[in-house]
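Asker: Input data-v2.cif, format and content: mmCIF, C-alpha atoms.
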data_structure
#
loop_
_atom_site.label_atom_id
_atom_site.label_comp_id
_atom_site.auth_asym_id
_atom_site.auth_seq_id
_atom_site.Cartn_x
_atom_site.Cartn_y
_atom_site.Cartn_z
CA MET A 19 0.00 0.00 0.00
CA LYS A 20 2.80 2.37 0.83
CA PHE A 21 4.50 1.50 -2.44
CA LEU A 22 1.33 2.48 -4.31
CA HIS A 23 1.26 5.74 -2.50
CA MET A 24 4.89 6.28 -3.58
CA ARG A 25 3.94 5.60 -7.19
CA ASN A 26 1.27 8.26 -6.93
CA MET A 27 3.77 10.84 -5.74
CA THR A 28 5.22 13.37 -8.08
CA LEU A 29 8.89 13.37 -9.03
CA ILE A 30 9.42 16.44 -6.89
CA GLN A 31 7.87 14.73 -3.91
CA LYS A 32 9.99 11.63 -4.44
CA MET A 33 13.08 13.78 -4.76
CA ILE A 34 12.11 15.66 -1.65
CA ILE A 35 11.58 12.43 0.26
CA SER A 36 14.82 10.97 -1.14
CA PHE A 37 16.77 14.05 -0.19
CA ALA A 38 15.04 14.14 3.18
CA ILE A 39 15.98 10.51 3.82
CA SER A 40 19.52 11.17 2.64
CA GLY A 41 19.67 14.33 4.72
CA ILE A 42 18.42 12.50 7.82
CA CYS A 43 20.93 9.71 7.26
CA LEU A 44 23.73 12.18 6.72
CA LEU A 45 22.66 14.32 9.65
CA THR A 46 22.38 11.27 11.88
CA GLY A 47 25.79 10.05 10.73
CA LEU A 48 27.28 13.50 11.22
CA VAL A 49 25.84 13.87 14.71
CA TYR A 50 27.10 10.42 15.66
CA ALA A 51 30.54 11.13 14.20
CA VAL A 52 30.87 14.51 15.95
CA SER A 53 29.70 12.99 19.22
CA GLY A 54 32.27 10.21 18.91
CA LEU A 55 34.99 12.68 17.96
CA LYS A 56 34.16 14.86 20.94
CA ASN A 57 34.47 11.85 23.23
CA MET A 58 37.83 11.00 21.67
CA HIS A 59 38.88 14.64 21.93
CA ASP A 60 38.00 14.60 25.63
CA MET A 61 39.96 11.38 26.11
CA GLU A 62 43.01 12.72 24.28
CA THR A 63 42.81 15.91 26.33
CA GLU A 64 42.67 13.86 29.52
CA ILE A 65 45.68 11.86 28.37
CA ALA A 66 47.60 15.04 27.63
CA GLU A 67 46.65 16.81 30.86
CA LYS A 68 46.77 13.91 33.29
CA ASP A 69 48.48 10.76 32.04
CA LEU A 70 51.45 12.42 30.34
CA SER A 71 51.78 14.89 33.19
CA ALA A 72 51.67 12.06 35.75
CA ALA A 73 54.27 10.09 33.81
CA THR A 74 56.60 13.09 33.70
CA ILE A 75 56.16 13.74 37.42
CA THR A 76 56.84 10.08 38.23
CA ILE A 77 60.12 10.21 36.28
CA ASN A 78 61.11 13.43 38.08
CA LEU A 79 60.31 11.91 41.47
CA ARG A 80 62.44 8.88 40.74
CA GLU A 81 65.40 11.05 39.71
CA MET A 82 64.95 13.28 42.76
CA MET A 83 64.88 10.23 45.04
CA PHE A 84 68.14 8.96 43.58
CA ALA A 85 69.65 12.41 44.12
CA GLN A 86 68.54 12.48 47.76
CA GLU A 87 70.08 9.08 48.38
CA ARG A 88 73.35 10.34 46.94
CA TYR A 89 73.30 13.46 49.12
CA VAL A 90 72.62 11.46 52.28
CA GLY A 91 75.29 8.89 51.41
CA ARG A 92 77.90 11.53 50.67
CA TYR A 93 77.03 13.44 53.83
CA GLU A 94 77.59 10.34 55.95
CA ILE A 95 81.14 10.25 54.58
CA LEU A 96 82.07 13.90 53.97
CA HIS A 97 79.77 15.79 56.45
CA GLN A 98 79.67 18.80 54.11
CA PRO A 99 76.92 21.36 54.96
CA GLU A 100 76.27 22.07 51.26
CA LEU A 101 75.17 18.48 50.79
CA ARG A 102 72.56 18.99 53.48
CA GLU A 103 71.36 22.17 51.77
CA LEU A 104 71.14 20.40 48.42
CA TYR A 105 69.17 17.62 50.08
CA TYR A 106 66.66 20.06 51.60
CA GLN A 107 66.25 21.87 48.27
CA ASN A 108 65.64 18.56 46.53
CA ALA A 109 63.25 17.42 49.29
CA GLU A 110 61.20 20.59 48.90
CA LYS A 111 60.91 19.99 45.17
CA PHE A 112 60.02 16.35 45.85
CA SER A 113 57.13 17.36 48.13
CA PHE A 114 55.91 19.85 45.53
CA GLN A 115 56.00 17.15 42.85
CA ILE A 116 54.02 14.74 45.08
CA THR A 117 51.34 17.42 45.50
CA ALA A 118 51.26 17.92 41.73
CA LEU A 119 51.02 14.15 41.21
CA ALA A 120 48.03 13.91 43.55
CA LYS A 121 46.17 16.38 41.32
CA VAL A 122 46.54 14.28 38.16
CA TYR A 123 46.76 10.74 39.56
CA SER A 124 44.08 9.03 41.64
CA GLY A 125 45.21 5.40 41.45
CA SER A 126 46.73 3.20 44.11
CA GLY A 127 50.25 3.55 45.45
CA LEU A 128 50.14 7.26 46.31
CA LYS A 129 49.61 6.70 50.03
CA GLU A 130 52.42 4.14 50.08
CA LEU A 131 54.67 6.65 48.31
CA VAL A 132 53.92 9.38 50.86
CA ALA A 133 54.33 6.99 53.80
CA GLY A 134 57.60 5.52 52.51
CA TYR A 135 59.02 8.96 51.77
CA SER A 136 58.07 10.21 55.24
CA LEU A 137 60.02 7.34 56.82
CA HIS A 138 63.00 7.94 54.54
CA SER A 139 62.93 11.69 55.29
CA ALA A 140 62.88 11.02 59.02
CA LEU A 141 65.92 8.73 58.79
CA SER A 142 67.70 11.26 56.58
CA GLU A 143 67.04 13.97 59.16
CA ASP A 144 68.71 11.72 61.75
CA VAL A 145 71.74 11.41 59.46
CA PHE A 146 72.02 15.19 59.13
CA SER A 147 71.56 15.53 62.88
CA GLU A 148 74.55 13.21 63.40
CA LYS A 149 72.34 10.56 65.02
CA PRO A 150 73.13 6.86 64.53
CA VAL A 151 71.05 5.47 61.66
CA ASP A 152 70.69 1.92 60.45
CA SER A 153 71.90 1.96 56.85
CA ALA A 154 69.73 -1.06 56.06
CA ALA A 155 66.64 0.79 57.28
CA LEU A 156 67.60 3.81 55.18
CA ARG A 157 67.97 1.64 52.10
CA ARG A 158 64.76 -0.17 52.90
CA THR A 159 62.71 3.02 53.06
CA ALA A 160 64.31 4.22 49.83
CA GLY A 161 63.33 0.90 48.31
CA GLN A 162 59.76 1.42 49.51
CA VAL A 163 59.64 4.77 47.73
CA ALA A 164 61.10 3.25 44.57
CA THR A 165 58.60 0.36 44.72
CA ALA A 166 55.69 2.79 45.15
CA LEU A 167 56.89 4.88 42.20
CA GLU A 168 57.26 1.77 40.06
CA HIS A 169 53.75 0.68 41.05
CA ILE A 170 52.35 4.10 40.13
CA ARG A 171 54.17 3.98 36.81
CA SER A 172 52.75 0.50 36.13
CA VAL A 173 49.23 1.66 36.96
CA GLN A 174 49.69 4.69 34.72
CA GLN A 175 50.84 2.56 31.80
CA LYS A 176 47.94 0.16 32.22
CA ALA A 177 45.42 3.00 32.42
CA LEU A 178 46.94 4.67 29.37
CA SER A 179 46.79 1.40 27.40
CA GLU A 180 43.14 0.93 28.34
CA LYS A 181 42.32 4.49 27.32
CA LEU A 182 44.08 4.09 23.99
CA LYS A 183 42.29 0.78 23.41
CA ALA A 184 38.94 2.36 24.22
CA ASP A 185 39.85 5.23 21.92
CA ASP A 186 40.59 2.76 19.11
CA GLU A 187 37.31 0.93 19.68
CA ARG A 188 35.36 4.17 19.72
CA GLU A 189 37.12 5.27 16.56
CA SER A 190 36.16 2.03 14.81
CA ARG A 191 32.54 2.37 15.86
CA VAL A 192 32.38 5.99 14.71
CA VAL A 193 33.86 5.14 11.32
CA ALA A 194 31.69 2.04 10.79
CA TRP A 195 28.39 3.62 11.78
CA SER A 196 29.06 6.85 9.93
CA ILE A 197 29.91 4.99 6.73
CA GLY A 198 26.86 2.75 7.13
CA LEU A 199 24.51 5.68 7.63
CA ALA A 200 26.08 7.62 4.80
CA PHE A 201 25.75 4.74 2.32
CA SER A 202 22.03 4.47 3.17
CA GLY A 203 21.52 7.81 1.36
CA VAL A 204 22.09 8.81 -2.22
CA SER A 205 25.43 8.18 -3.89
CA ILE A 206 26.59 11.78 -3.57
CA SER A 207 25.69 11.81 0.08
CA CYS A 208 27.62 8.58 0.53
CA LEU A 209 30.64 10.12 -1.17
CA VAL A 210 30.51 13.25 0.99
CA ALA A 211 30.03 11.18 4.14
CA PHE A 212 32.90 8.91 3.18
CA LEU A 213 35.21 11.87 2.58
CA MET A 214 34.27 13.37 5.94
CA ILE A 215 34.84 10.12 7.78
CA TYR A 216 38.12 9.54 5.99
CA SER A 217 39.25 13.02 6.96
CA PHE A 218 38.28 12.47 10.59
CA SER A 219 39.90 9.05 10.71
CA THR A 220 43.12 10.36 9.23
CA SER A 221 43.25 13.18 11.76
CA ILE A 222 42.60 10.81 14.63
CA ARG A 223 45.33 8.43 13.51
CA LYS A 224 47.77 11.32 13.12
CA LEU A 225 46.85 12.63 16.54
CA LYS A 226 47.24 9.21 18.11
CA ARG A 227 50.62 8.79 16.42
CA ALA A 228 51.62 12.26 17.62
CA THR A 229 50.67 11.26 21.17
CA HIS A 230 53.02 8.28 21.07
CA ARG A 231 55.84 10.22 19.36
CA ILE A 232 55.72 13.11 21.83
CA ALA A 233 55.48 10.73 24.78
CA ALA A 234 58.61 9.01 23.41
CA GLY A 235 60.52 12.32 23.38
CA ASP A 236 60.18 13.33 19.72
CA PHE A 237 59.24 16.93 20.50
CA ASP A 238 59.78 18.11 16.89
CA HIS A 239 57.06 15.82 15.51
CA ASP A 240 54.32 17.72 13.65
CA PRO A 241 50.89 15.98 13.58
CA ASP A 242 50.22 17.75 10.25
CA ILE A 243 46.54 18.32 11.07
CA ASP A 244 44.80 21.42 9.79
CA SER A 245 43.20 23.57 12.49
CA GLY A 246 39.48 24.31 12.52
CA ASP A 247 37.84 21.49 14.46
CA GLU A 248 38.34 19.92 17.87
CA ILE A 249 41.07 17.63 16.59
CA GLY A 250 42.85 20.52 14.93
CA VAL A 251 42.71 22.54 18.15
CA LEU A 252 44.02 19.58 20.10
CA ALA A 253 46.78 19.10 17.52
CA GLN A 254 47.83 22.73 18.00
CA ASP A 255 47.78 22.22 21.78
CA PHE A 256 50.01 19.17 21.31
CA LYS A 257 52.47 21.20 19.23
CA ARG A 258 52.63 23.96 21.84
CA MET A 259 53.06 21.37 24.58
CA ALA A 260 55.88 19.69 22.64
CA GLU A 261 57.59 23.04 22.03
CA ARG A 262 57.40 23.84 25.73
CA LEU A 263 58.74 20.40 26.69
CA LYS A 264 61.61 20.81 24.23
CA GLU A 265 62.35 24.25 25.62
CA LEU A 266 62.42 22.90 29.18
CA GLU A 267 64.66 20.04 28.09
CA GLN A 268 67.10 22.44 26.38
CA ILE A 269 67.17 24.68 29.45
CA SER A 270 67.83 21.68 31.67
CA LEU A 271 70.65 20.42 29.44
CA ASP A 272 72.09 23.90 29.00
CA ALA A 273 72.14 24.77 32.71
CA SER A 274 75.47 24.96 34.48
CA PRO A 275 76.01 21.82 36.58
CA LEU A 276 77.99 23.89 39.10
CA THR A 277 75.69 26.89 39.71
CA ARG A 278 72.43 25.39 38.40
CA LEU A 279 71.87 28.63 36.52
CA PRO A 280 70.58 28.70 32.91
CA GLY A 281 73.24 28.72 30.20
CA ASN A 282 73.79 30.38 26.82
CA ILE A 283 70.68 29.02 25.09
CA ALA A 284 68.37 30.34 27.80
CA ILE A 285 70.26 33.66 27.92
CA GLU A 286 69.89 34.19 24.17
CA ARG A 287 66.21 33.21 24.32
CA SER A 288 65.56 35.65 27.16
CA LEU A 289 67.28 38.52 25.33
CA ASN A 290 65.48 37.83 22.04
CA ARG A 291 62.13 37.67 23.84
CA ARG A 292 62.68 41.08 25.39
CA ILE A 293 63.80 42.48 22.05
CA SER A 294 60.60 41.22 20.40
CA GLU A 295 58.47 42.63 23.25
CA ARG A 296 60.07 46.05 22.65
CA ALA A 297 60.32 46.82 26.34
CA PRO A 298 63.33 48.56 27.96
CA PHE A 299 65.60 46.43 30.13
CA ALA A 300 69.13 46.29 31.50
CA MET A 301 71.68 43.67 30.47
CA CYS A 302 74.27 43.18 33.25
CA TYR A 303 77.49 41.38 32.32
CA LEU A 304 79.35 40.21 35.47
CA ASP A 305 82.97 39.05 35.39
CA LEU A 306 85.39 38.09 38.18
CA ASP A 307 88.77 39.84 38.24
CA ASN A 308 91.98 37.94 39.13
CA PHE A 309 90.07 34.68 39.20
CA LYS A 310 92.58 32.81 37.01
CA SER A 311 95.46 33.51 39.38
CA TYR A 312 93.43 32.14 42.29
CA ASN A 313 92.50 29.06 40.26
CA ASP A 314 96.11 28.45 39.24
CA ARG A 315 97.37 28.68 42.79
CA ASP A 316 94.63 27.11 44.93
CA GLY A 317 93.17 24.65 42.43
CA TYR A 318 89.92 24.19 40.60
CA ILE A 319 88.01 22.80 43.60
CA LYS A 320 88.32 26.00 45.64
CA ALA A 321 87.85 28.07 42.48
CA SER A 322 84.66 26.18 41.66
CA GLU A 323 83.38 26.87 45.17
CA ILE A 324 83.85 30.59 44.55
CA LEU A 325 81.87 30.34 41.31
CA LYS A 326 79.11 28.50 43.11
CA LYS A 327 78.98 31.08 45.91
CA THR A 328 79.04 33.88 43.36
CA GLY A 329 76.03 32.39 41.58
CA GLU A 330 74.19 32.17 44.91
CA ILE A 331 75.07 35.76 45.81
CA ILE A 332 73.83 37.06 42.45
CA HIS A 333 70.65 35.01 42.69
CA GLU A 334 69.84 36.17 46.22
CA ALA A 335 70.66 39.82 45.49
CA VAL A 336 68.45 39.89 42.40
CA LYS A 337 65.69 37.99 44.21
CA ARG A 338 65.57 40.74 46.85
CA MET A 339 64.88 43.27 44.07
CA ASN A 340 61.34 41.86 43.69
CA ASP A 341 61.48 41.92 39.90
CA PRO A 342 59.37 38.95 38.74
CA GLY A 343 60.75 39.24 35.21
CA ALA A 344 64.43 39.23 36.22
CA PHE A 345 66.67 36.57 34.66
CA ILE A 346 70.00 35.18 35.93
CA GLY A 347 72.32 33.13 33.74
CA HIS A 348 75.79 31.60 33.81
CA ILE A 349 77.66 32.03 30.52
CA GLY A 350 80.49 29.80 31.70
CA GLY A 351 83.67 30.12 33.71
CA ASP A 352 83.56 33.30 35.77
CA ASP A 353 81.09 35.14 33.50
CA PHE A 354 77.47 35.70 34.60
CA VAL A 355 74.50 37.59 33.18
CA VAL A 356 71.61 39.39 34.86
CA ILE A 357 68.70 40.76 32.84
CA ILE A 358 66.60 43.10 34.95
CA ASP A 359 64.37 46.13 34.83
CA ALA A 360 66.49 49.18 33.96
CA ALA A 361 65.27 51.13 37.00
CA ARG A 362 66.52 48.40 39.35
CA ALA A 363 69.93 47.85 37.70
CA LYS A 364 71.93 50.28 39.83
CA GLU A 365 70.65 48.95 43.16
CA ALA A 366 71.17 45.37 41.97
CA CYS A 367 74.82 46.11 41.11
CA GLN A 368 75.42 47.71 44.50
CA ARG A 369 73.91 44.79 46.38
CA ILE A 370 75.83 42.20 44.38
CA ILE A 371 79.15 44.02 44.89
CA ALA A 372 78.52 44.52 48.61
CA ASP A 373 77.63 40.85 49.16
CA PHE A 374 80.49 39.62 46.98
CA ASP A 375 83.14 41.79 48.66
CA ALA A 376 81.86 40.59 52.05
CA MET A 377 82.19 36.96 50.98
CA ILE A 378 85.47 36.82 49.05
CA PRO A 379 87.95 37.40 51.95
CA SER A 380 86.78 34.15 53.58
CA CYS A 381 88.14 32.29 50.56
CA TYR A 382 91.73 33.32 51.36
CA SER A 383 94.10 32.48 54.15
CA ASP A 384 94.74 34.94 57.00
CA GLU A 385 98.10 35.80 55.48
CA ASP A 386 96.61 36.55 52.07
CA ARG A 387 93.80 38.62 53.57
CA LEU A 388 96.27 40.67 55.57
CA ALA A 389 98.47 41.22 52.53
CA GLY A 390 95.47 41.95 50.30
CA CYS A 391 97.10 40.08 47.44
CA ILE A 392 98.69 36.79 46.35
CA ASP A 393 101.77 35.86 44.34
CA GLY A 394 101.17 34.23 40.97
CA VAL A 395 102.12 33.92 37.33
CA ASP A 396 100.21 35.71 34.59
CA ARG A 397 99.23 34.21 31.24
CA TYR A 398 102.62 35.16 29.80
CA GLY A 399 104.55 33.23 32.46
CA VAL A 400 105.67 36.38 34.31
CA SER A 401 105.61 36.33 38.12
CA ARG A 402 103.55 39.14 39.59
CA VAL A 403 101.30 40.09 42.49
CA PHE A 404 97.55 39.78 42.07
CA PRO A 405 94.94 41.57 44.22
CA LEU A 406 92.12 39.62 45.84
CA ILE A 407 89.31 38.58 43.53
CA SER A 408 86.83 41.34 42.75
CA ILE A 409 83.78 41.59 40.52
CA SER A 410 83.20 43.91 37.56
CA ILE A 411 79.68 44.61 36.30
CA ALA A 412 78.98 46.15 32.90
CA VAL A 413 75.37 47.32 32.59
CA LEU A 414 73.92 48.08 29.18
CA VAL A 415 70.48 49.71 29.21
CA CYS A 416 68.63 48.52 26.10
CA GLN A 417 65.81 50.64 24.72
CA PRO A 418 63.26 49.37 22.14
CA GLY A 419 64.84 49.36 18.71
CA SER A 420 68.40 49.88 19.97
CA TYR A 421 69.50 46.32 19.21
CA ALA A 422 68.17 43.79 16.71
CA THR A 423 69.66 40.59 18.10
CA ALA A 424 71.03 39.09 21.29
CA ALA A 425 74.45 38.88 19.65
CA GLU A 426 74.56 42.66 19.22
CA ILE A 427 73.74 43.16 22.89
CA ALA A 428 76.40 40.66 23.95
CA THR A 429 79.05 42.42 21.83
CA ALA A 430 78.15 45.84 23.21
CA ALA A 431 78.14 44.55 26.79
CA ALA A 432 81.58 42.98 26.29
CA LEU A 433 82.97 46.38 25.26
CA VAL A 434 81.48 47.98 28.35
CA LYS A 435 82.98 45.19 30.47
CA ASP A 436 86.46 46.04 29.16
CA ARG A 437 85.95 49.60 30.35
CA VAL A 438 84.87 48.70 33.87
CA LYS A 439 87.76 46.24 34.30
CA GLU A 440 90.19 49.13 33.85
CA SER A 441 89.38 50.16 37.44
CA SER A 442 90.72 48.19 40.40
CA GLY A 443 88.45 46.47 42.88
CA SER A 444 84.77 45.69 42.44
CA ASN A 445 83.06 48.26 40.23
CA TYR A 446 80.14 48.73 37.90
CA ILE A 447 79.37 50.96 34.93
CA ILE A 448 75.90 51.73 33.57
CA VAL A 449 75.80 52.80 29.94
CA ARG A 450 72.53 54.16 28.68
CA GLU A 451 71.38 54.47 25.10
CA ALA A 452 72.03 58.17 24.93
CA GLY A 453 75.66 57.58 25.87
CA ILE A 454 75.28 58.76 29.45
CA ARG A 455 77.71 56.88 31.67
CA GLU A 456 76.93 56.28 35.31
CA ALA A 457 79.69 54.73 37.46
#
Give the structure from the file, written as structure tokens.
Answerer:
Amino acid sequence: MKFLHMRNMTLIQKMIISFAISGICLLTGLVYAVSGLKNMHDMETEIAEKDLSAATITINLREMMFAQERYVGRYEILHQPELRELYYQNAEKFSFQITALAKVYSGSGLKELVAGYSLHSALSEDVFSEKPVDSAALRRTAGQVATALEHIRSVQQKALSEKLKADDERESRVVAWSIGLAFSGVSISCLVAFLMIYSFSTSIRKLKRATHRIAAGDFDHDPDIDSGDEIGVLAQDFKRMAERLKELEQISLDASPLTRLPGNIAIERSLNRRISERAPFAMCYLDLDNFKSYNDRDGYIKASEILKKTGEIIHEAVKRMNDPGAFIGHIGGDDFVVIIDAARAKEACQRIIADFDAMIPSCYSDEDRLAGCIDGVDRYGVSRVFPLISISIAVLVCQPGSYATAAEIATAAALVKDRVKESSGSNYIIVREAGIREA
């Protein structure tokens, strides 16, 4: 009966019904596909924000734990106060990382990790307090922490595998149902639906591959997904995340192992960023005078200790300036860099010099301090008398448009440094754009 009614319909009516059926099928398929894609987008976002973050934190915790064990073990032998300070700094970071882990990880093992670390910290405190500690107990608590971290990592991997499997299954269902609904319409609708599904599937596979590549450390991988939909937005988020991870990795690798301050890559990046922001700032080039003679006579161990203390003095002095945008870097050797607000540069130089001059006499013997100098040989092999180590600071105030690259700023600052080193003792020179010199 219905067929007869169809035969009685006009061509326009049949076309309208056909297009309506095709439109409903296509709309149903599209709604289903978008819904499935949104679910996958949410899952990928959760993986990026929680699982990858938790995995990174777990790795950091494991490395920090190894470092703490080394500090405690060395302290038991050497009893050096700096090892205790390094331990406390690391312990503070460890506690912060545990708090961060609790925000992105809700599986088992976290309580065991906190409990094991509390026991290990208590035993470590006894070591630093010179109390007798059972080495076996110390190793056992460290093992408990390592076991808890390994358990958390295992749970994370299992959860990630299940999420990826569910994502694959959801992807298959979305593709299958969308194609089925599309092919129930007219041929052109089927073709359009197929092209849409193929595009979505390709993007999902690229995004999934990008997830694995980035998680494996390939931060330069480009998902090659056009922006415009949820997957495209997520792909752009992945690229920005990978760029940030690569930047953090470079900063970590570039940092000075002695002072823990950022190195040349981070210094150049900081200068170029300020140049592009077109905001005025001061570039401070710090150099130690007569350092080589001290190193030649007293050895690299004592000389390295001076560099380490110098880095700490600069860091603390700049920190007291309350400039949130200030940057401190270690070029290498006895050369340091401070990038700070131009209005704070003079006070920063004065504080650094005052703290440095108060510290440096303690690095010499009573005889050398009384004499105010040491005997040594210069770079030409000539014996001569060298004053105590001092610090020279060349400050270059950079206005917007004054310099195009970080290299230009570094060259100009080096010239200013040569001028300030002409004076004896610790000094600083501030050179402004207009050529005004302030000593």
Asker: Taking the file above as input, evaluate the PyMOL selection byres ((chain A and resi 141-147) around 8) and report the hits as a list in words.
Answerer: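 So the PyMOL selection byres ((chain A and resi 141-147) around 8) ends up selecting Val90, Tyr93, Glu94, Arg102, Leu137, His138, Ser139, Ala140, Glu148, Lys149, Pro150, Val151 and Leu156 of chain A.
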Asker: Residues as selected, C-alpha atoms, written as an mmCIF file, in the coordinates of the input, can you do that?
Answerer:
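Printed below is out.cif as written:
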data_model
loop_
_atom_site.group_PDB
_atom_site.id
_atom_site.type_symbol
_atom_site.label_atom_id
_atom_site.label_comp_id
_atom_site.auth_asym_id
_atom_site.auth_seq_id
_atom_site.Cartn_x
_atom_site.Cartn_y
_atom_site.Cartn_z
ATOM 1 C CA VAL A 90 72.620 11.460 52.280
ATOM 2 C CA TYR A 93 77.030 13.440 53.830
ATOM 3 C CA GLU A 94 77.590 10.340 55.950
ATOM 4 C CA ARG A 102 72.560 18.990 53.480
ATOM 5 C CA LEU A 137 60.020 7.340 56.820
ATOM 6 C CA HIS A 138 63.000 7.940 54.540
ATOM 7 C CA SER A 139 62.930 11.690 55.290
ATOM 8 C CA ALA A 140 62.880 11.020 59.020
ATOM 9 C CA GLU A 148 74.550 13.210 63.400
ATOM 10 C CA LYS A 149 72.340 10.560 65.020
ATOM 11 C CA PRO A 150 73.130 6.860 64.530
ATOM 12 C CA VAL A 151 71.050 5.470 61.660
ATOM 13 C CA LEU A 156 67.600 3.810 55.180
#
Asker: I'd like to see the residues matched by the PyMOL selection byres ((chain A and resi 314) around 12) on this file, and ideally I'd get them as JSON, numbers by chain.
Answerer: {"A": [308, 309, 310, 311, 312, 313, 315, 316, 317, 318, 319, 320, 321, 322, 392, 393, 394, 395, 396, 397, 399, 404]}
Asker: Here is a test: counting all atoms listed in the file, which residue of A:Ala85, A:Ala184, A:Leu96, A:Ala431 is nearest to Asp353 of chain A?
Answerer: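 Among A:Ala85, A:Ala184, A:Leu96, A:Ala431, it is A:Ala431 that comes nearest to Asp353 of chain A.
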Asker: Skipping near chain neighbours, those fewer than 6 positions away, what residues fall within 12 Å of Ala430 of chain A using only C-alpha atoms, listed as a PDB file with C-alpha atoms, keeping the file's coordinate frame?
Answerer:
ATOM      1  CA  MET A 301      71.680  43.670  30.470  1.00  0.00           C
ATOM      2  CA  CYS A 302      74.270  43.180  33.250  1.00  0.00           C
ATOM      3  CA  TYR A 303      77.490  41.380  32.320  1.00  0.00           C
ATOM      4  CA  ALA A 412      78.980  46.150  32.900  1.00  0.00           C
ATOM      5  CA  VAL A 413      75.370  47.320  32.590  1.00  0.00           C
ATOM      6  CA  LEU A 414      73.920  48.080  29.180  1.00  0.00           C
ATOM      7  CA  VAL A 415      70.480  49.710  29.210  1.00  0.00           C
ATOM      8  CA  CYS A 416      68.630  48.520  26.100  1.00  0.00           C
ATOM      9  CA  SER A 420      68.400  49.880  19.970  1.00  0.00           C
ATOM     10  CA  TYR A 421      69.500  46.320  19.210  1.00  0.00           C
ATOM     11  CA  THR A 423      69.660  40.590  18.100  1.00  0.00           C
ATOM     12  CA  ALA A 424      71.030  39.090  21.290  1.00  0.00           C
ATOM     13  CA  ASP A 436      86.460  46.040  29.160  1.00  0.00           C
ATOM     14  CA  ARG A 437      85.950  49.600  30.350  1.00  0.00           C
ATOM     15  CA  VAL A 449      75.800  52.800  29.940  1.00  0.00           C
ATOM     16  CA  ARG A 450      72.530  54.160  28.680  1.00  0.00           C
ATOM     17  CA  GLU A 451      71.380  54.470  25.100  1.00  0.00           C
TER      18      GLU A 451
END
Asker: Distance atom CA of Lys56 of chain A-atom CA of Leu199 of chain A, one decimal place?
Answerer: 18.8 Å
Asker: So what do you get for atom CA of Gly281 of chain A versus atom CA of Arg296 of chain A, distance-wise?
Answerer: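 We find that atom CA of Gly281 of chain A and atom CA of Arg296 of chain A lie 23.0 Å from each other.
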Asker: To one decimal place in Å, what is the distance between atom CA of Ala363 of chain A and atom CA of Glu323 of chain A?
Answerer: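 Computing it gives 26.0 Å between the two atoms.
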Asker: Identify all residues satisfying the PyMOL selection byres ((chain A and resi 357) around 10) in the given file; provide them as a PyMOL selection string.
Answerer: chain A and resi 285+288-289+292+299-303+336+343-347+355-356+358-360+363+413-415
Asker: Print the selection's residues with C-alpha atoms to a file, as a short mmCIF file (atom, residue, chain, number, x, y, z; two decimals), in the coordinates of the input.
Answerer:
data_model
loop_
_atom_site.label_atom_id
_atom_site.label_comp_id
_atom_site.auth_asym_id
_atom_site.auth_seq_id
_atom_site.Cartn_x
_atom_site.Cartn_y
_atom_site.Cartn_z
CA ILE A 285 70.26 33.66 27.92
CA SER A 288 65.56 35.65 27.16
CA LEU A 289 67.28 38.52 25.33
CA ARG A 292 62.68 41.08 25.39
CA PHE A 299 65.60 46.43 30.13
CA ALA A 300 69.13 46.29 31.50
CA MET A 301 71.68 43.67 30.47
CA CYS A 302 74.27 43.18 33.25
CA TYR A 303 77.49 41.38 32.32
CA VAL A 336 68.45 39.89 42.40
CA GLY A 343 60.75 39.24 35.21
CA ALA A 344 64.43 39.23 36.22
CA PHE A 345 66.67 36.57 34.66
CA ILE A 346 70.00 35.18 35.93
CA GLY A 347 72.32 33.13 33.74
CA VAL A 355 74.50 37.59 33.18
CA VAL A 356 71.61 39.39 34.86
CA ILE A 358 66.60 43.10 34.95
CA ASP A 359 64.37 46.13 34.83
CA ALA A 360 66.49 49.18 33.96
CA ALA A 363 69.93 47.85 37.70
CA VAL A 413 75.37 47.32 32.59
CA LEU A 414 73.92 48.08 29.18
CA VAL A 415 70.48 49.71 29.21
#
Asker: Of the candidates A:Glu67, A:Asp152, A:Glu100, A:Glu62, which shows the shortest atom-to-atom distance to Lys326 of chain A, using all atoms listed in the file?
Answerer: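 Closest to Lys326 of chain A, using all atoms listed in the file: A:Glu100.
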Asker: Using all atoms listed in the file, pick whichever of A:Glu295, A:Glu180, A:Glu168, A:Glu440 has the shortest atom-to-atom distance to Ile409 of chain A.
Answerer: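 Closest to Ile409 of chain A, using all atoms listed in the file: A:Glu440.
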